[in-house]
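Worksheet: one structure, shown below.
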Amino acid sequence: MRLVSVNRLQAGMKLGKKIYNDEGLVLLADGVELTDALIKRLAKIDIGYIYIEDSVTEDVEITGMLQDETRNQALKVVRSQFQQMSGASGITKGFYHLDKKFSKVMDSILDDLATQEDPMIMLLDMHTADNYLYVHSLNVCLYTLVLGIAHGYTREELRVIGMGALLHDIGKTQIPVKIIQKPGMLSEEEFRHMQAHTEIGYRILKDEPNIPLLAAHCALQHHERIDGSGYPRGLKGPQIHEYAKWLGVADSYDAMTSNRIYKKAMLPHQAVEALYVGSGTLYEQKHLELFRDRVAIYPLGLTVKLSTGESGVVVKIDPTIPHRPVVRVLHDPDGEPVIPFELDLGSKLSVVIVDVTDEDGAVVKTM
């Protein structure tokens with residue numbers, strides 16, 4: 001299958017991978033034939049890219065980081081708990097307690113990741129942008145855990161950092177929806193309200209009997225930056241807990257690569273480049289380097305242009321060098337079709353990816 005931007009879809013194409021709504025339920029099943037009406041609907045609900053079936057890349061399988069059952073259960077627990085907390089009184093004073101299901105969900109997530117020899121940060125399932133909070137919470141949890149596994153944390157340490165990542169934005173349940181979903185720039189007062197979600201989240205989590213205290217500090221510090229420019233306390237370097245530093249990278253990456261009410265998603269390679277702008281100021285360089293080594297910046301099915309002038313589709317990713325994938329070349333430098341052949345950029349070091357294109361070779365601009 002192939003990854004295609006929605007504005008390049010044509011009637012008659014078939015969906016290669018399910019599209020989910022914000023609650024984790026299937027909005028469109030794989031194999032559905034796209035009509036003009038469905039394409040307009042996809043554009044309207046802010047889906048930026050989808051996978052389509054494609055005879056030239058039919059052997060390319062796109063698998064998720066989690067089993068469907070685990071993913072659906074995690075989203076169900078997050079959605080249910082967050083919805084109950086939205087507008088509930090007394091939650092920051094200990095009158096409201098989180099469900100023990102979060103611990104069970106975390107164990108299921110860790111079990112799924114443990115079955116993967118080299119878990120990587122992949123482009124995840126396509127979701128609508130209706131309620132970003134639930135999907136974002138799960139994505140950030142997965143990305144942070146992949147980083148934690150690569151860093152060498154123990155299972156118990158992973159449970160703690162994973163719980164902190166899954167609940168890092170729980171404070172947003174107490175922020176007015178009109179601010180959370182505002183399509184334009186926030187006013188200074190609105191931004192102060194938004195920033196308060198870190199301290200609210202800490203107060204919600206710090207005395208929870210089922211939640212590790214360090215998870216509360218993840219909620220408090222995930223917007224701190226090593227140069228002191230973050231919030232809520234303007235902490236610097238060693239003052240920020242290591243878990244919160246990993247979480248800050250994962251949180252920023254998912255925000256950049258997700259469709260939002262007020263912005264279109266970046267592709268992974270663009271988001272990684274944007275993160276590197278903050279190397280040594282916003283984020284630790286060592287954290288960004290490990291992140292770069294664990295993220296598939298050119299997702300399977302993505303059409304790319306090579307320095308040779310040829311273009312093709314990413315069909316395989318080596319976890320040891322994810323930025324040097326195998327590309328199935330489909331067009332020559334003049335854009336003419338060729339008999340497909342595979343070029344392993346991991347061994348062909350003189351060839352590099354110079355741009356991301358649509359299926360017909362047109363350069364995609366998403367920033």
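Following the order of the structure tokens, first chain is A, next is B, and so on, with residues numbered from 1 inside each chain and ligands from 1 in the order they appear.
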Set the distance at 12 Å and use only C-alpha atoms: which residues neighbour region 112-119 of chain A once local chain neighbours fewer than 4 positions away are removed? I'd like the list as a VMD selection string.
chain A and resid 63 to 71 105 to 108 141 to 150 154 to 155 158 162 291 293 to 296 317 to 322
Who sits within 12 Å of Ser103 (chain A), only C-alpha atoms, same chain under 6 positions skipped, as an mmCIF file with C-alpha atoms, in the first residue's frame:
data_model
loop_
_atom_site.group_PDB
_atom_site.id
_atom_site.type_symbol
_atom_site.label_atom_id
_atom_site.label_comp_id
_atom_site.auth_asym_id
_atom_site.auth_seq_id
_atom_site.Cartn_x
_atom_site.Cartn_y
_atom_site.Cartn_z
ATOM 1 C CA ALA A 74 -6.273 2.127 26.009
ATOM 2 C CA VAL A 77 -9.973 3.964 29.316
ATOM 3 C CA VAL A 78 -8.409 7.367 28.573
ATOM 4 C CA ILE A 109 1.045 -1.772 26.196
ATOM 5 C CA LEU A 110 4.390 -2.921 27.607
ATOM 6 C CA GLU A 156 9.160 -0.934 36.443
ATOM 7 C CA LEU A 158 8.950 1.986 31.988
ATOM 8 C CA ARG A 159 5.648 1.547 33.856
ATOM 9 C CA VAL A 160 6.277 4.817 35.686
ATOM 10 C CA GLY A 162 4.637 5.311 30.575
ATOM 11 C CA MET A 163 1.993 6.229 33.120
ATOM 12 C CA GLY A 164 3.347 9.764 33.289
ATOM 13 C CA LEU A 166 -0.313 8.572 29.239
ATOM 14 C CA LEU A 167 -1.582 11.074 31.836
ATOM 15 C CA PRO A 209 -3.040 5.880 45.276
ATOM 16 C CA ASN A 210 -2.892 4.084 41.897
ATOM 17 C CA ILE A 211 -0.468 6.498 40.194
ATOM 18 C CA PRO A 212 3.325 6.788 40.855
#
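The closest residue to His151 (chain A), picked from A:Leu3, A:Leu15, A:Ile339, A:Leu288 and counting only C-alpha atoms, is A:Leu288.
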Helix (DSSP H, G or I) residues, from DSSP on the backbone, in region 33-115 of chain A, as a PDB file with N, CA and C atoms, in the first residue's frame:
ATOM      1  N   ASP A  36     -16.096  10.473  -4.659  1.00  0.00           N
ATOM      2  CA  ASP A  36     -15.859  11.913  -4.522  1.00  0.00           C
ATOM      3  C   ASP A  36     -16.408  12.424  -3.191  1.00  0.00           C
ATOM      4  N   ALA A  37     -17.558  11.894  -2.792  1.00  0.00           N
ATOM      5  CA  ALA A  37     -18.174  12.322  -1.531  1.00  0.00           C
ATOM      6  C   ALA A  37     -17.314  11.931  -0.331  1.00  0.00           C
ATOM      7  N   LEU A  38     -16.762  10.714  -0.340  1.00  0.00           N
ATOM      8  CA  LEU A  38     -15.913  10.284   0.768  1.00  0.00           C
ATOM      9  C   LEU A  38     -14.617  11.086   0.825  1.00  0.00           C
ATOM     10  N   ILE A  39     -14.072  11.410  -0.337  1.00  0.00           N
ATOM     11  CA  ILE A  39     -12.840  12.199  -0.373  1.00  0.00           C
ATOM     12  C   ILE A  39     -13.086  13.588   0.211  1.00  0.00           C
ATOM     13  N   LYS A  40     -14.215  14.188  -0.133  1.00  0.00           N
ATOM     14  CA  LYS A  40     -14.558  15.500   0.428  1.00  0.00           C
ATOM     15  C   LYS A  40     -14.743  15.410   1.938  1.00  0.00           C
ATOM     16  N   ARG A  41     -15.326  14.293   2.386  1.00  0.00           N
ATOM     17  CA  ARG A  41     -15.531  14.094   3.818  1.00  0.00           C
ATOM     18  C   ARG A  41     -14.201  13.971   4.548  1.00  0.00           C
ATOM     19  N   LEU A  42     -13.264  13.241   3.950  1.00  0.00           N
ATOM     20  CA  LEU A  42     -11.948  13.088   4.562  1.00  0.00           C
ATOM     21  C   LEU A  42     -11.236  14.431   4.687  1.00  0.00           C
ATOM     22  N   ALA A  43     -11.348  15.253   3.662  1.00  0.00           N
ATOM     23  CA  ALA A  43     -10.730  16.576   3.704  1.00  0.00           C
ATOM     24  C   ALA A  43     -11.381  17.450   4.773  1.00  0.00           C
ATOM     25  N   LYS A  44     -12.693  17.300   4.913  1.00  0.00           N
ATOM     26  CA  LYS A  44     -13.441  18.125   5.862  1.00  0.00           C
ATOM     27  C   LYS A  44     -13.094  17.797   7.302  1.00  0.00           C
ATOM     28  N   SER A  55      -1.212  -1.718  -6.530  1.00  0.00           N
ATOM     29  CA  SER A  55      -0.708  -2.985  -7.068  1.00  0.00           C
ATOM     30  C   SER A  55       0.813  -3.057  -7.059  1.00  0.00           C
ATOM     31  N   VAL A  56       1.488  -1.924  -7.215  1.00  0.00           N
ATOM     32  CA  VAL A  56       2.948  -1.918  -7.281  1.00  0.00           C
ATOM     33  C   VAL A  56       3.566  -2.123  -5.894  1.00  0.00           C
ATOM     34  N   THR A  57       2.808  -1.801  -4.862  1.00  0.00           N
ATOM     35  CA  THR A  57       3.335  -1.937  -3.496  1.00  0.00           C
ATOM     36  C   THR A  57       2.404  -2.786  -2.638  1.00  0.00           C
ATOM     37  N   ASP A  68      -4.690  -4.276  17.923  1.00  0.00           N
ATOM     38  CA  ASP A  68      -5.934  -3.506  17.890  1.00  0.00           C
ATOM     39  C   ASP A  68      -6.649  -3.524  19.239  1.00  0.00           C
ATOM     40  N   GLU A  69      -6.690  -4.681  19.870  1.00  0.00           N
ATOM     41  CA  GLU A  69      -7.393  -4.800  21.152  1.00  0.00           C
ATOM     42  C   GLU A  69      -6.757  -3.914  22.220  1.00  0.00           C
ATOM     43  N   THR A  70      -5.428  -3.885  22.257  1.00  0.00           N
ATOM     44  CA  THR A  70      -4.725  -3.052  23.235  1.00  0.00           C
ATOM     45  C   THR A  70      -4.975  -1.576  22.971  1.00  0.00           C
ATOM     46  N   ARG A  71      -4.847  -1.189  21.700  1.00  0.00           N
ATOM     47  CA  ARG A  71      -5.048   0.221  21.338  1.00  0.00           C
ATOM     48  C   ARG A  71      -6.456   0.678  21.667  1.00  0.00           C
ATOM     49  N   ASN A  72      -7.455  -0.130  21.300  1.00  0.00           N
ATOM     50  CA  ASN A  72      -8.838   0.252  21.550  1.00  0.00           C
ATOM     51  C   ASN A  72      -9.141   0.341  23.037  1.00  0.00           C
ATOM     52  N   GLN A  73      -8.610  -0.605  23.822  1.00  0.00           N
ATOM     53  CA  GLN A  73      -8.845  -0.579  25.263  1.00  0.00           C
ATOM     54  C   GLN A  73      -8.183   0.629  25.908  1.00  0.00           C
ATOM     55  N   ALA A  74      -6.973   0.965  25.458  1.00  0.00           N
ATOM     56  CA  ALA A  74      -6.273   2.127  26.009  1.00  0.00           C
ATOM     57  C   ALA A  74      -7.041   3.406  25.728  1.00  0.00           C
ATOM     58  N   LEU A  75      -7.487   3.567  24.481  1.00  0.00           N
ATOM     59  CA  LEU A  75      -8.254   4.761  24.143  1.00  0.00           C
ATOM     60  C   LEU A  75      -9.576   4.810  24.901  1.00  0.00           C
ATOM     61  N   LYS A  76     -10.197   3.662  25.089  1.00  0.00           N
ATOM     62  CA  LYS A  76     -11.463   3.598  25.822  1.00  0.00           C
ATOM     63  C   LYS A  76     -11.290   4.059  27.262  1.00  0.00           C
ATOM     64  N   VAL A  77     -10.223   3.591  27.924  1.00  0.00           N
ATOM     65  CA  VAL A  77      -9.973   3.964  29.316  1.00  0.00           C
ATOM     66  C   VAL A  77      -9.652   5.453  29.424  1.00  0.00           C
ATOM     67  N   VAL A  78      -8.763   5.943  28.547  1.00  0.00           N
ATOM     68  CA  VAL A  78      -8.409   7.367  28.573  1.00  0.00           C
ATOM     69  C   VAL A  78      -9.647   8.230  28.320  1.00  0.00           C
ATOM     70  N   ARG A  79     -10.413   7.877  27.284  1.00  0.00           N
ATOM     71  CA  ARG A  79     -11.603   8.662  26.945  1.00  0.00           C
ATOM     72  C   ARG A  79     -12.605   8.677  28.091  1.00  0.00           C
ATOM     73  N   SER A  80     -12.904   7.504  28.621  1.00  0.00           N
ATOM     74  CA  SER A  80     -13.898   7.392  29.687  1.00  0.00           C
ATOM     75  C   SER A  80     -13.487   8.187  30.920  1.00  0.00           C
ATOM     76  N   GLN A  81     -12.226   8.032  31.330  1.00  0.00           N
ATOM     77  CA  GLN A  81     -11.765   8.704  32.543  1.00  0.00           C
ATOM     78  C   GLN A  81     -11.690  10.210  32.344  1.00  0.00           C
ATOM     79  N   PHE A  82     -11.150  10.638  31.204  1.00  0.00           N
ATOM     80  CA  PHE A  82     -11.019  12.067  30.947  1.00  0.00           C
ATOM     81  C   PHE A  82     -12.389  12.732  30.816  1.00  0.00           C
ATOM     82  N   GLN A  83     -13.330  12.057  30.178  1.00  0.00           N
ATOM     83  CA  GLN A  83     -14.668  12.632  30.044  1.00  0.00           C
ATOM     84  C   GLN A  83     -15.348  12.778  31.396  1.00  0.00           C
ATOM     85  N   GLN A  84     -15.170  11.804  32.266  1.00  0.00           N
ATOM     86  CA  GLN A  84     -15.762  11.889  33.602  1.00  0.00           C
ATOM     87  C   GLN A  84     -15.156  13.039  34.397  1.00  0.00           C
ATOM     88  N   MET A  85     -13.870  13.301  34.152  1.00  0.00           N
ATOM     89  CA  MET A  85     -13.180  14.344  34.907  1.00  0.00           C
ATOM     90  C   MET A  85     -13.474  15.737  34.387  1.00  0.00           C
ATOM     91  N   ILE A  91     -11.732  17.500  42.061  1.00  0.00           N
ATOM     92  CA  ILE A  91     -10.733  16.500  41.660  1.00  0.00           C
ATOM     93  C   ILE A  91      -9.322  16.872  42.109  1.00  0.00           C
ATOM     94  N   THR A  92      -9.042  18.177  42.217  1.00  0.00           N
ATOM     95  CA  THR A  92      -7.693  18.576  42.637  1.00  0.00           C
ATOM     96  C   THR A  92      -7.552  18.585  44.150  1.00  0.00           C
ATOM     97  N   LYS A  93      -8.596  18.225  44.857  1.00  0.00           N
ATOM     98  CA  LYS A  93      -8.545  18.200  46.321  1.00  0.00           C
ATOM     99  C   LYS A  93      -8.691  16.784  46.863  1.00  0.00           C
ATOM    100  N   LYS A 101      -7.764   0.816  36.095  1.00  0.00           N
ATOM    101  CA  LYS A 101      -7.609   0.270  34.747  1.00  0.00           C
ATOM    102  C   LYS A 101      -6.377   0.829  34.039  1.00  0.00           C
ATOM    103  N   PHE A 102      -5.903   2.009  34.459  1.00  0.00           N
ATOM    104  CA  PHE A 102      -4.718   2.580  33.830  1.00  0.00           C
ATOM    105  C   PHE A 102      -3.519   1.647  33.991  1.00  0.00           C
ATOM    106  N   SER A 103      -3.390   1.029  35.154  1.00  0.00           N
ATOM    107  CA  SER A 103      -2.276   0.108  35.394  1.00  0.00           C
ATOM    108  C   SER A 103      -2.367  -1.108  34.485  1.00  0.00           C
ATOM    109  N   LYS A 104      -3.570  -1.632  34.303  1.00  0.00           N
ATOM    110  CA  LYS A 104      -3.758  -2.797  33.438  1.00  0.00           C
ATOM    111  C   LYS A 104      -3.453  -2.437  31.984  1.00  0.00           C
ATOM    112  N   VAL A 105      -3.889  -1.258  31.579  1.00  0.00           N
ATOM    113  CA  VAL A 105      -3.611  -0.795  30.219  1.00  0.00           C
ATOM    114  C   VAL A 105      -2.113  -0.676  29.995  1.00  0.00           C
ATOM    115  N   MET A 106      -1.400  -0.124  30.992  1.00  0.00           N
ATOM    116  CA  MET A 106       0.042   0.054  30.852  1.00  0.00           C
ATOM    117  C   MET A 106       0.742  -1.288  30.705  1.00  0.00           C
ATOM    118  N   ASP A 107       0.310  -2.287  31.461  1.00  0.00           N
ATOM    119  CA  ASP A 107       0.910  -3.616  31.338  1.00  0.00           C
ATOM    120  C   ASP A 107       0.669  -4.198  29.947  1.00  0.00           C
ATOM    121  N   SER A 108      -0.526  -3.997  29.404  1.00  0.00           N
ATOM    122  CA  SER A 108      -0.835  -4.510  28.063  1.00  0.00           C
ATOM    123  C   SER A 108       0.027  -3.827  27.002  1.00  0.00           C
ATOM    124  N   ILE A 109       0.209  -2.519  27.140  1.00  0.00           N
ATOM    125  CA  ILE A 109       1.045  -1.772  26.196  1.00  0.00           C
ATOM    126  C   ILE A 109       2.489  -2.276  26.253  1.00  0.00           C
ATOM    127  N   LEU A 110       3.009  -2.448  27.457  1.00  0.00           N
ATOM    128  CA  LEU A 110       4.390  -2.921  27.607  1.00  0.00           C
ATOM    129  C   LEU A 110       4.548  -4.338  27.071  1.00  0.00           C
ATOM    130  N   ASP A 111       3.536  -5.162  27.282  1.00  0.00           N
ATOM    131  CA  ASP A 111       3.589  -6.535  26.748  1.00  0.00           C
ATOM    132  C   ASP A 111       3.644  -6.518  25.229  1.00  0.00           C
ATOM    133  N   ASP A 112       2.839  -5.649  24.601  1.00  0.00           N
ATOM    134  CA  ASP A 112       2.847  -5.557  23.139  1.00  0.00           C
ATOM    135  C   ASP A 112       4.211  -5.101  22.622  1.00  0.00           C
ATOM    136  N   LEU A 113       4.772  -4.079  23.250  1.00  0.00           N
ATOM    137  CA  LEU A 113       6.062  -3.556  22.808  1.00  0.00           C
ATOM    138  C   LEU A 113       7.181  -4.578  23.032  1.00  0.00           C
ATOM    139  N   ALA A 114       7.028  -5.397  24.083  1.00  0.00           N
ATOM    140  CA  ALA A 114       8.053  -6.400  24.395  1.00  0.00           C
ATOM    141  C   ALA A 114       8.144  -7.489  23.334  1.00  0.00           C
TER     142      ALA A 114
END
List the spatial neighbours of Thr308 (chain A) as a CSV table (one decimal) with N, CA and C atoms, in the first residue's frame - criterion: any atom at most 9 Å away, only C-alpha atoms, same-chain residues fewer than 5 positions off excluded.
chain,number,residue,atom,x,y,z
A,332,ASP,N,11.8,7.3,-13.5
A,332,ASP,CA,13.1,7.8,-13.8
A,332,ASP,C,13.2,9.4,-13.6
A,333,PRO,N,14.3,10.0,-13.7
A,333,PRO,CA,14.5,11.4,-13.5
A,333,PRO,C,13.5,12.3,-14.3
A,351,VAL,N,23.5,7.8,-2.6
A,351,VAL,CA,22.2,8.2,-2.9
A,351,VAL,C,21.4,8.6,-1.6
A,352,VAL,N,20.8,9.8,-1.7
A,352,VAL,CA,20.0,10.3,-0.5
A,352,VAL,C,18.6,10.7,-0.9
Go ahead and compute the interatomic distance for CA of Asp355 (chain A) and CA of Ser311 (chain A), in Å to one decimal.
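Interatomic distance, CA of Asp355 (chain A) to CA of Ser311 (chain A): 9.3 Å.
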One number please: CA of Ile175 (chain A) to CA of Lys263 (chain A), in Å, one decimal.
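Atom-to-atom, CA of Ile175 (chain A) to CA of Lys263 (chain A), that is 20.3 Å.
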Backbone DSSP call of strand (DSSP E or B) for region 18-243 of chain A, listed as a ChimeraX atom specification:
/A:19-20,26-28,33,49-52,121,126-127,227,236
Which residues, written as a PyMOL selection string, have at least one atom at most 12 Å from Asp54 (chain A), with only C-alpha atoms counted and residues fewer than 5 positions away on the same chain left out?
chain A and resi 1-4+12-17+31+59-61+301+313+359
Nearest to Asn139 (chain A) among A:Asp251, A:Glu242, A:Glu199, A:Glu190, with distances taken over only C-alpha atoms: which residue is it?
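Using only C-alpha atoms, Asn139 (chain A) sits closest to A:Asp251.
Nearest to Ser307 (chain A) of all the residues A:Leu290, A:Gly248, A:Gln285, A:Ile353 is A:Ile353, based on only C-alpha atoms.
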Between A:Tyr51, A:Tyr283, A:Phe341, A:Tyr132, which has the minimum distance to Asn259 (chain A) (counting only C-alpha atoms)?
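Checking each candidate against Asn259 (chain A), we get A:Tyr132 as the closest.
Distances here use only C-alpha atoms; by that measure, the residue among A:Val249, A:Gly309, A:Ile179, A:Ser347 closest to Asp334 (chain A) is A:Gly309.
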Measure the distance from CA of Leu9 (chain A) to CA of Ser258 (chain A) in Å and round it to one decimal.
19.5 Å
Write out as a list in words each polymer residue whose atoms come within 9 Å of Leu133 (chain A), counting only C-alpha atoms; drop sequence neighbours fewer than 6 positions from it.
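The filter keeps Asp22, Arg79, Asp169, Ile170 and Lys172 of chain A.
In this comparison, which uses only C-alpha atoms, the residue of A:Leu343, A:Met266, A:Ile240, A:Val315 approaching Glu224 (chain A) most closely is A:Ile240.
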